[in-house]
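So this block is run28.txt, compact mmCIF, C-alpha atoms:
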# COMPACT_ATOMS: atom_id res chain seq x y z
CA MET A 90 0.00 0.00 0.00
CA VAL A 91 0.96 3.62 -0.62
CA SER A 92 0.47 5.76 2.49
CA ASN A 93 -1.65 8.89 2.96
CA PRO A 94 -4.05 8.61 0.00
CA SER A 95 -5.81 11.83 -1.02
CA VAL A 96 -8.70 10.09 -2.78
CA SER A 97 -10.88 7.28 -1.45
CA LEU A 98 -11.02 4.40 -3.91
CA PRO A 99 -14.17 2.23 -3.98
CA PRO A 100 -13.58 -1.36 -2.78
CA HIS A 101 -14.03 -2.70 -6.32
CA GLY A 102 -11.76 -0.03 -7.80
CA GLY A 103 -12.49 2.44 -10.54
CA ILE A 104 -11.58 3.89 -13.91
CA LEU A 105 -9.99 7.34 -13.71
CA LEU A 106 -10.34 9.97 -16.43
CA LEU A 107 -7.31 12.25 -16.30
CA ASP A 108 -6.52 15.36 -18.36
CA LYS A 109 -2.75 15.18 -18.73
CA ASP A 110 -0.73 18.39 -18.91
CA GLU A 111 2.12 18.93 -21.35
CA GLY A 112 5.47 17.74 -19.99
CA TRP A 113 4.03 14.91 -17.91
CA THR A 114 4.76 11.35 -19.05
CA SER A 115 2.11 8.67 -18.77
CA HIS A 116 4.40 6.99 -16.20
CA ASP A 117 4.32 10.20 -14.15
CA ALA A 118 0.53 10.14 -14.22
CA VAL A 119 0.42 6.52 -13.05
CA ALA A 120 2.90 7.24 -10.23
CA LYS A 121 0.88 10.24 -9.02
CA SER A 122 -2.35 8.24 -9.19
CA ARG A 123 -0.84 5.44 -7.10
CA ARG A 124 -0.01 7.97 -4.42
CA ALA A 125 -3.42 9.63 -4.61
CA PHE A 126 -5.32 6.35 -4.28
CA GLY A 127 -2.97 4.70 -1.81
CA THR A 128 -2.44 1.60 -3.95
CA ARG A 129 0.19 0.36 -6.36
CA LYS A 130 -2.51 -1.35 -8.44
CA VAL A 131 -2.80 1.37 -11.10
CA GLY A 132 -2.37 0.99 -14.86
CA HIS A 133 -3.30 2.84 -18.05
CA ALA A 134 -5.18 2.06 -21.27
CA GLY A 135 -2.75 3.76 -23.66
CA THR A 136 0.04 6.31 -23.31
CA LEU A 137 0.45 9.90 -24.44
CA ASP A 138 3.75 11.51 -25.45
CA PRO A 139 5.07 14.10 -22.98
CA MET A 140 4.37 16.84 -25.56
CA ALA A 141 0.73 15.76 -25.87
CA THR A 142 -2.08 16.80 -23.56
CA GLY A 143 -5.51 15.37 -22.94
CA LEU A 144 -7.31 12.23 -21.92
CA LEU A 145 -5.55 9.39 -20.15
CA VAL A 146 -7.72 6.49 -19.01
CA LEU A 147 -6.34 4.83 -15.88
CA GLY A 148 -7.57 1.91 -13.83
CA ALA A 149 -7.10 1.51 -10.07
CA GLY A 150 -7.62 -1.50 -7.81
CA PRO A 151 -9.53 -4.50 -9.21
CA ALA A 152 -10.83 -2.29 -12.06
CA THR A 153 -7.40 -2.54 -13.72
CA ARG A 154 -8.75 -5.81 -15.13
CA LEU A 155 -10.93 -3.69 -17.43
CA LEU A 156 -7.96 -1.94 -19.03
CA THR A 157 -7.18 -4.69 -21.51
CA HIS A 158 -10.68 -4.19 -22.92
CA LEU A 159 -10.22 -0.40 -23.21
CA VAL A 160 -6.87 -0.33 -25.01
CA GLY A 161 -8.45 -1.08 -28.38
CA LEU A 162 -10.98 1.76 -28.33
CA ASP A 163 -10.88 4.42 -31.05
CA LYS A 164 -9.17 7.70 -30.14
CA THR A 165 -9.97 11.30 -31.11
CA TYR A 166 -7.37 14.08 -31.28
CA THR A 167 -7.09 17.75 -32.11
CA THR A 168 -3.72 18.67 -33.53
CA THR A 169 -1.71 21.27 -35.41
CA ILE A 170 0.42 20.05 -38.31
CA ARG A 171 3.35 22.16 -39.50
CA LEU A 172 4.36 21.66 -43.14
CA GLY A 173 7.75 22.71 -44.47
CA ILE A 174 10.01 21.08 -41.86
CA ALA A 175 10.59 17.38 -41.12
CA THR A 176 12.05 16.34 -37.75
CA VAL A 177 13.62 13.17 -36.39
CA THR A 178 10.72 12.63 -33.97
CA ASP A 179 7.96 13.82 -36.35
CA ASP A 180 7.07 16.48 -33.77
CA ARG A 181 8.44 19.80 -32.55
CA GLU A 182 10.64 18.19 -29.90
CA GLY A 183 12.97 16.63 -32.48
CA GLU A 184 15.84 18.12 -34.45
CA PRO A 185 15.00 19.15 -38.06
CA THR A 186 16.08 16.64 -40.70
CA ALA A 187 14.89 18.61 -43.75
CA VAL A 188 13.68 22.15 -44.43
CA ALA A 189 11.80 23.05 -47.61
CA ASP A 190 12.64 26.22 -49.51
CA SER A 191 10.17 29.07 -49.27
CA ALA A 192 9.12 28.82 -52.92
CA ALA A 193 8.05 25.18 -52.48
CA VAL A 194 6.12 26.05 -49.31
CA ALA A 195 4.41 28.96 -51.06
CA ALA A 196 3.40 26.72 -53.97
CA VAL A 197 1.74 24.20 -51.61
CA LEU A 198 -0.03 26.97 -49.70
CA ALA A 199 -1.40 28.33 -52.97
CA ASN A 200 -2.94 24.94 -53.79
CA PRO A 201 -5.30 23.97 -50.94
CA ALA A 202 -7.00 21.41 -53.18
CA GLN A 203 -3.74 19.46 -53.34
CA ILE A 204 -3.49 19.50 -49.53
CA ALA A 205 -7.11 18.30 -49.25
CA ALA A 206 -6.46 15.50 -51.76
CA GLU A 207 -3.46 14.21 -49.79
CA VAL A 208 -5.45 14.40 -46.53
CA LEU A 209 -8.16 12.30 -48.21
CA ALA A 210 -5.52 9.79 -49.30
CA LEU A 211 -4.56 9.39 -45.64
CA THR A 212 -8.18 8.75 -44.59
CA GLY A 213 -9.81 5.35 -44.24
CA ASP A 214 -7.95 2.04 -44.07
CA ILE A 215 -4.27 2.80 -44.65
CA GLU A 216 -0.83 1.28 -44.06
CA GLN A 217 1.26 3.41 -41.70
CA ALA A 218 4.88 3.13 -40.60
CA PRO A 219 5.06 4.19 -36.93
CA SER A 220 7.35 7.06 -36.03
CA ALA A 221 10.94 5.87 -35.64
CA VAL A 222 11.16 7.55 -32.24
CA SER A 223 8.63 5.27 -30.53
CA ALA A 224 8.54 2.60 -27.85
CA ILE A 225 8.17 -0.21 -30.38
CA LYS A 226 10.86 -2.83 -29.92
CA VAL A 227 13.25 -3.78 -32.72
CA ASP A 228 15.28 -6.91 -31.95
CA GLY A 229 14.56 -6.45 -28.25
CA GLN A 230 15.50 -2.76 -28.10
CA ARG A 231 13.20 0.26 -28.10
CA ALA A 232 13.18 2.05 -31.46
CA TYR A 233 13.82 5.43 -29.78
CA ASP A 234 16.97 4.06 -28.11
CA ARG A 235 18.29 2.95 -31.50
CA VAL A 236 17.58 6.37 -33.02
CA ARG A 237 19.30 8.14 -30.13
CA ALA A 238 22.31 5.88 -30.67
CA GLY A 239 22.56 7.18 -34.22
CA GLU A 240 20.94 4.28 -36.05
CA ALA A 241 18.61 4.77 -39.00
CA VAL A 242 15.36 3.04 -38.01
CA GLU A 243 12.48 2.32 -40.36
CA LEU A 244 9.61 0.44 -38.77
CA LYS A 245 7.34 -1.93 -40.68
CA ARG A 246 4.11 -0.52 -41.99
CA ARG A 247 0.97 -1.69 -40.24
CA PRO A 248 -2.75 -1.32 -40.98
CA VAL A 249 -4.64 1.43 -39.16
CA THR A 250 -7.98 3.12 -39.78
CA ILE A 251 -8.41 6.88 -39.96
CA HIS A 252 -12.16 7.30 -39.50
CA GLU A 253 -12.01 11.09 -39.73
CA PHE A 254 -9.26 13.51 -40.81
CA GLU A 255 -10.79 16.98 -40.94
CA ILE A 256 -8.61 20.04 -41.53
CA ALA A 257 -9.15 23.77 -41.15
CA ALA A 258 -7.90 26.22 -43.77
CA PRO A 259 -4.09 26.03 -44.14
CA ARG A 260 -2.37 29.23 -43.03
CA ALA A 261 1.03 30.78 -43.61
CA ALA A 262 3.22 30.82 -40.51
CA THR A 263 6.82 31.35 -39.47
CA ALA A 264 8.96 28.96 -37.42
CA ASP A 265 11.07 30.24 -34.53
CA ASP A 266 14.11 30.51 -36.79
CA GLY A 267 12.22 32.52 -39.41
CA THR A 268 11.52 29.62 -41.79
CA ALA A 269 8.33 29.97 -43.82
CA VAL A 270 5.92 27.13 -43.01
CA ILE A 271 2.26 26.16 -43.25
CA ASP A 272 0.21 25.38 -40.16
CA ILE A 273 -2.97 23.31 -40.33
CA ASP A 274 -5.34 22.61 -37.44
CA ALA A 275 -6.96 19.20 -37.69
CA THR A 276 -9.26 16.73 -35.94
CA VAL A 277 -8.42 13.03 -36.26
CA ARG A 278 -10.52 10.08 -35.12
CA CYS A 279 -8.63 6.85 -35.57
CA SER A 280 -8.14 3.25 -34.55
CA THR A 281 -5.83 2.30 -31.73
CA GLY A 282 -2.17 2.08 -32.73
CA THR A 283 -2.30 5.12 -35.02
CA TYR A 284 0.58 7.59 -34.75
CA ILE A 285 -0.69 11.14 -35.33
CA ARG A 286 2.94 12.23 -35.65
CA ALA A 287 3.27 9.80 -38.56
CA LEU A 288 0.19 11.31 -40.22
CA ALA A 289 1.90 14.73 -40.13
CA ARG A 290 5.11 13.20 -41.48
CA ASP A 291 3.32 11.38 -44.30
CA LEU A 292 1.23 14.41 -45.28
CA GLY A 293 4.36 16.54 -45.52
CA ALA A 294 6.17 13.86 -47.51
CA ALA A 295 3.26 13.48 -49.94
CA LEU A 296 3.30 17.25 -50.53
CA GLY A 297 7.06 17.24 -51.01
CA ILE A 298 7.91 19.68 -48.23
CA GLY A 299 8.03 17.58 -45.04
CA GLY A 300 5.90 17.90 -41.96
CA HIS A 301 5.67 17.40 -38.22
CA LEU A 302 3.31 18.05 -35.28
CA ILE A 303 3.52 21.15 -33.14
CA ALA A 304 0.49 20.44 -30.93
CA LEU A 305 -1.50 17.34 -29.98
CA ARG A 306 -4.44 16.84 -27.63
CA ARG A 307 -6.44 13.66 -27.09
CA THR A 308 -10.07 14.61 -26.64
CA ALA A 309 -11.74 11.21 -26.45
CA VAL A 310 -11.11 7.50 -25.92
CA GLY A 311 -14.13 5.58 -27.16
CA PRO A 312 -17.17 7.11 -25.41
CA PHE A 313 -15.07 8.86 -22.73
CA ALA A 314 -14.32 12.57 -23.21
CA VAL A 315 -11.60 14.82 -21.83
CA THR A 316 -14.31 17.31 -20.83
CA ASP A 317 -15.25 14.83 -18.08
CA ALA A 318 -11.68 14.47 -16.80
CA GLY A 319 -9.82 16.11 -13.92
CA THR A 320 -6.17 17.18 -13.80
CA ILE A 321 -3.27 15.57 -11.97
CA GLU A 322 -3.13 18.56 -9.62
CA GLN A 323 -6.82 18.18 -8.74
CA LEU A 324 -6.31 14.47 -8.15
CA MET A 325 -3.33 14.96 -5.85
CA SER A 326 -5.09 17.63 -3.81
CA GLY A 327 -8.29 15.60 -3.54
CA ALA A 328 -10.20 18.49 -5.12
CA ARG A 329 -11.52 16.43 -8.02
CA ALA A 330 -11.15 12.82 -9.09
CA GLU A 331 -13.24 11.58 -12.00
CA VAL A 332 -13.44 7.93 -10.93
CA LEU A 333 -16.01 5.84 -12.79
CA GLU A 334 -17.52 2.70 -11.34
CA PRO A 335 -16.37 -0.37 -13.30
CA ALA A 336 -20.01 -1.25 -14.07
CA ARG A 337 -20.61 2.20 -15.58
CA VAL A 338 -17.63 1.76 -17.88
CA ALA A 339 -18.39 -1.83 -18.86
CA THR A 340 -22.06 -1.16 -19.61
CA ALA A 341 -21.09 1.84 -21.73
CA LEU A 342 -19.11 -0.51 -23.94
CA PHE A 343 -20.96 -3.82 -23.80
CA PRO A 344 -24.55 -5.08 -23.35
CA GLU A 345 -25.48 -5.65 -19.70
CA LEU A 346 -26.61 -8.93 -18.17
CA ARG A 347 -28.09 -8.48 -14.67
CA PHE A 348 -27.60 -11.70 -12.68
CA ASP A 349 -29.53 -12.88 -9.65
CA ALA A 350 -27.77 -13.97 -6.45
CA GLN A 351 -27.34 -17.62 -7.46
CA GLN A 352 -26.09 -16.73 -10.94
CA THR A 353 -23.66 -14.28 -9.37
CA LEU A 354 -22.30 -16.99 -7.10
CA ASP A 355 -21.99 -19.47 -9.98
CA LEU A 356 -20.19 -16.95 -12.19
CA GLY A 357 -17.77 -16.16 -9.38
CA HIS A 358 -16.88 -19.86 -9.30
CA GLY A 359 -16.21 -19.80 -13.03
CA LYS A 360 -19.28 -21.79 -13.98
CA ARG A 361 -21.20 -21.38 -17.20
CA VAL A 362 -24.51 -19.68 -16.48
CA ASN A 363 -27.76 -20.20 -18.37
CA VAL A 364 -29.18 -16.82 -19.37
CA GLY A 365 -32.06 -17.96 -21.54
CA ASP A 366 -33.04 -16.21 -24.75
CA VAL A 367 -30.23 -13.66 -24.84
CA PRO A 368 -28.50 -12.65 -28.11
CA ASP A 369 -25.00 -14.02 -28.60
CA ALA A 370 -22.26 -11.55 -27.69
CA LYS A 371 -18.46 -11.69 -27.77
CA LEU A 372 -18.47 -9.60 -24.59
CA ALA A 373 -21.23 -8.66 -22.18
CA ALA A 374 -21.06 -6.94 -18.79
CA ALA A 375 -22.35 -9.24 -16.05
CA THR A 376 -23.62 -7.34 -12.99
CA ASN A 377 -25.00 -8.57 -9.67
CA PRO A 378 -28.43 -7.63 -8.23
CA ASP A 379 -26.92 -4.39 -6.88
CA GLY A 380 -25.52 -3.40 -10.29
CA VAL A 381 -21.88 -4.10 -9.36
CA LEU A 382 -19.72 -5.48 -12.17
CA ILE A 383 -18.84 -9.11 -11.50
CA GLY A 384 -17.42 -10.12 -14.85
CA LEU A 385 -17.13 -9.84 -18.59
CA VAL A 386 -18.60 -12.86 -20.31
CA GLU A 387 -19.08 -14.30 -23.76
CA VAL A 388 -22.64 -15.35 -24.52
CA SER A 389 -23.31 -18.21 -26.91
CA ARG A 390 -26.54 -20.13 -27.30
CA GLY A 391 -27.95 -18.87 -24.03
CA ARG A 392 -24.91 -19.76 -21.91
CA THR A 393 -22.06 -17.66 -20.64
CA ARG A 394 -18.32 -18.24 -20.59
CA VAL A 395 -16.23 -16.14 -18.22
CA VAL A 396 -13.70 -13.91 -20.01
CA THR A 397 -12.70 -11.79 -17.00
CA ASN A 398 -13.88 -12.02 -13.40
CA PHE A 399 -14.05 -8.89 -11.25
CA PRO A 400 -13.77 -9.25 -7.47
CA THR A 401 -15.86 -6.76 -5.54
CA VAL A 402 -13.45 -6.57 -2.60
CA PRO A 403 -9.69 -6.37 -3.20
CA ASN A 404 -7.47 -8.89 -1.48
CA ALA A 405 -3.92 -8.31 -0.36
CA THR A 406 -2.46 -9.22 -3.72
CA GLU A 407 -4.78 -6.86 -5.60
CA ALA A 408 -3.96 -3.96 -3.30
CA GLY A 409 -0.22 -4.41 -3.26
CA GLY A 410 0.63 -5.72 -6.73
CA ALA A 411 2.46 -3.64 -9.30
CA ALA A 412 0.62 -2.41 -12.36
Write-out of the structure in structure tokens:
Amino acid sequence: MVSNPSVSLPPHGGILLLDKDEGWTSHDAVAKSRRAFGTRKVGHAGTLDPMATGLLVLGAGPATRLLTHLVGLDKTYTTTIRLGIATVTDDREGEPTAVADSAAVAAVLANPAQIAAEVLALTGDIEQAPSAVSAIKVDGQRAYDRVRAGEAVELKRRPVTIHEFEIAAPRAATADDGTAVIDIDATVRCSTGTYIRALARDLGAALGIGGHLIALRRTAVGPFAVTDAGTIEQLMSGARAEVLEPARVATALFPELRFDAQQTLDLGHGKRVNVGDVPDAKLAAATNPDGVLIGLVEVSRGRTRVVTNFPTVPNATEAGGAA
């Protein structure tokens, strides 16, 4: 246990919506949350770069068992793409690797239809090579460690889906060193595993002038919005902690099956439960008579199979285990 918690965690844990500030790592957010809740059992459902702000979804206590089912949710971002400069990290924190001449930048700015066409080409089901400076492992070593050691790293392309890539009007801008660039504000809704930095890189490459991100904010993870989240400072002070009951989260994502007392007991013992004329489902949220989440189950032909059980009272292992 972590001493002196500032926030009381329900016995069955909870899902925390956190609005991360720029400069914080996702690891920082987890460490602060452990202290706030007084438990080491805290994990996250997807990281954010230190430069990025916005929604982090964390789990605390037994509710961390839900996180594996949240990682794959679609994400929504607002971002600003800067065209005219490519960087080693595909964002503003990296050193420039190429700078376009002002005439080329001006020609792209004068042709917004070309920009829109390349944005459209990056929408839908696409193949994307993740940014070289990422946590993906190559032969057992993080890609960003290889880049920092001076290696040229090119990661394999992988399928992702860009459900929405909406841009505002491109505008002329000037980088800190006086370089002429184009800035574009955008909203992106995408599948998990998408690198928004790579979208900026690929858009710039397609237009022949390079590109990178200068701002990134995650506004939603599945049905959960950053407008419903609190900050790390509010969490640590106990002023505000947006902790969702596991049942509220599970039933927002999956159909609910309300079990009676005997069914609840049987499910807790890992038994298959007869649920009658219920539609088949790959995942359903099983709740007890009080509405507390007791498990995620698969339903087939009127019978359940336990996918994940959720204890309602943490034991010593749950409270003290590492995330």
Would you write out, as JSON lines, a table of all residues in segment 306-334 of chain A that have an atom no more than 8 Å from an atom of segment 96-115 of chain A, listing for each the closest atom pair and the distance in Å to one decimal, considering all atoms listed in the file and ordering rows by chain and rising residue number?
{"residue": "A:Phe313", "atom": "CA", "partner": "A:Leu106", "partner_atom": "CA", "distance": 8.0}
{"residue": "A:Val315", "atom": "CA", "partner": "A:Asp108", "partner_atom": "CA", "distance": 6.2}
{"residue": "A:Asp317", "atom": "CA", "partner": "A:Leu106", "partner_atom": "CA", "distance": 7.1}
{"residue": "A:Ala318", "atom": "CA", "partner": "A:Leu106", "partner_atom": "CA", "distance": 4.7}
{"residue": "A:Gly319", "atom": "CA", "partner": "A:Leu107", "partner_atom": "CA", "distance": 5.2}
{"residue": "A:Thr320", "atom": "CA", "partner": "A:Asp108", "partner_atom": "CA", "distance": 4.9}
{"residue": "A:Ile321", "atom": "CA", "partner": "A:Leu107", "partner_atom": "CA", "distance": 6.8}
{"residue": "A:Leu324", "atom": "CA", "partner": "A:Val96", "partner_atom": "CA", "distance": 7.3}
{"residue": "A:Met325", "atom": "CA", "partner": "A:Val96", "partner_atom": "CA", "distance": 7.9}
{"residue": "A:Gly327", "atom": "CA", "partner": "A:Val96", "partner_atom": "CA", "distance": 5.6}
{"residue": "A:Ala330", "atom": "CA", "partner": "A:Leu105", "partner_atom": "CA", "distance": 7.3}
{"residue": "A:Glu331", "atom": "CA", "partner": "A:Leu106", "partner_atom": "CA", "distance": 5.5}
{"residue": "A:Val332", "atom": "CA", "partner": "A:Leu105", "partner_atom": "CA", "distance": 4.5}
{"residue": "A:Leu333", "atom": "CA", "partner": "A:Ile104", "partner_atom": "CA", "distance": 5.0}
{"residue": "A:Glu334", "atom": "CA", "partner": "A:Gly103", "partner_atom": "CA", "distance": 5.1}
Export, as a tab-separated table (two decimals), in the frame of the given file, the selected residues with C-alpha atoms.
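What ended up in part-v4.tsv:
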chain	number	residue	atom	x	y	z
A	313	PHE	CA	-15.07	8.86	-22.73
A	315	VAL	CA	-11.60	14.82	-21.83
A	317	ASP	CA	-15.25	14.83	-18.08
A	318	ALA	CA	-11.68	14.47	-16.80
A	319	GLY	CA	-9.82	16.11	-13.92
A	320	THR	CA	-6.17	17.18	-13.80
A	321	ILE	CA	-3.27	15.57	-11.97
A	324	LEU	CA	-6.31	14.47	-8.15
A	325	MET	CA	-3.33	14.96	-5.85
A	327	GLY	CA	-8.29	15.60	-3.54
A	330	ALA	CA	-11.15	12.82	-9.09
A	331	GLU	CA	-13.24	11.58	-12.00
A	332	VAL	CA	-13.44	7.93	-10.93
A	333	LEU	CA	-16.01	5.84	-12.79
A	334	GLU	CA	-17.52	2.70	-11.34
Report task. Identify, on the basis of only C-alpha atoms, every residue whose closest approach to Thr308 of chain A does not exceed 8 Å; exclude the query and any residue fewer than 3 positions from it along the same chain; express the result as a ChimeraX atom specification. Result -> /A:143-144,164-167,314-316
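With only C-alpha atoms as the atoms that count, the residue of A:Ile273, A:Val362, A:Ala262, A:Ala287 with the shortest distance to Leu211 of chain A is A:Ala287.
A distance cut-off of 8 Å around (-26.2, -19.3, -20.9), counting all atoms listed in the file, selects these protein and nucleic acid residues: Arg361, Val362, Asn363, Val364, Gly365, Val367, Val388, Ser389, Arg390, Gly391, Arg392, Thr393 and Arg394 of chain A.
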query: Using all atoms listed in the file, what residues lie at most 6 Å away from (-15.5, -3.5, -14.5) (file coordinates), given as an NGL selection string?
result: :A and (152 or 155 or 335-336 or 339 or 382)
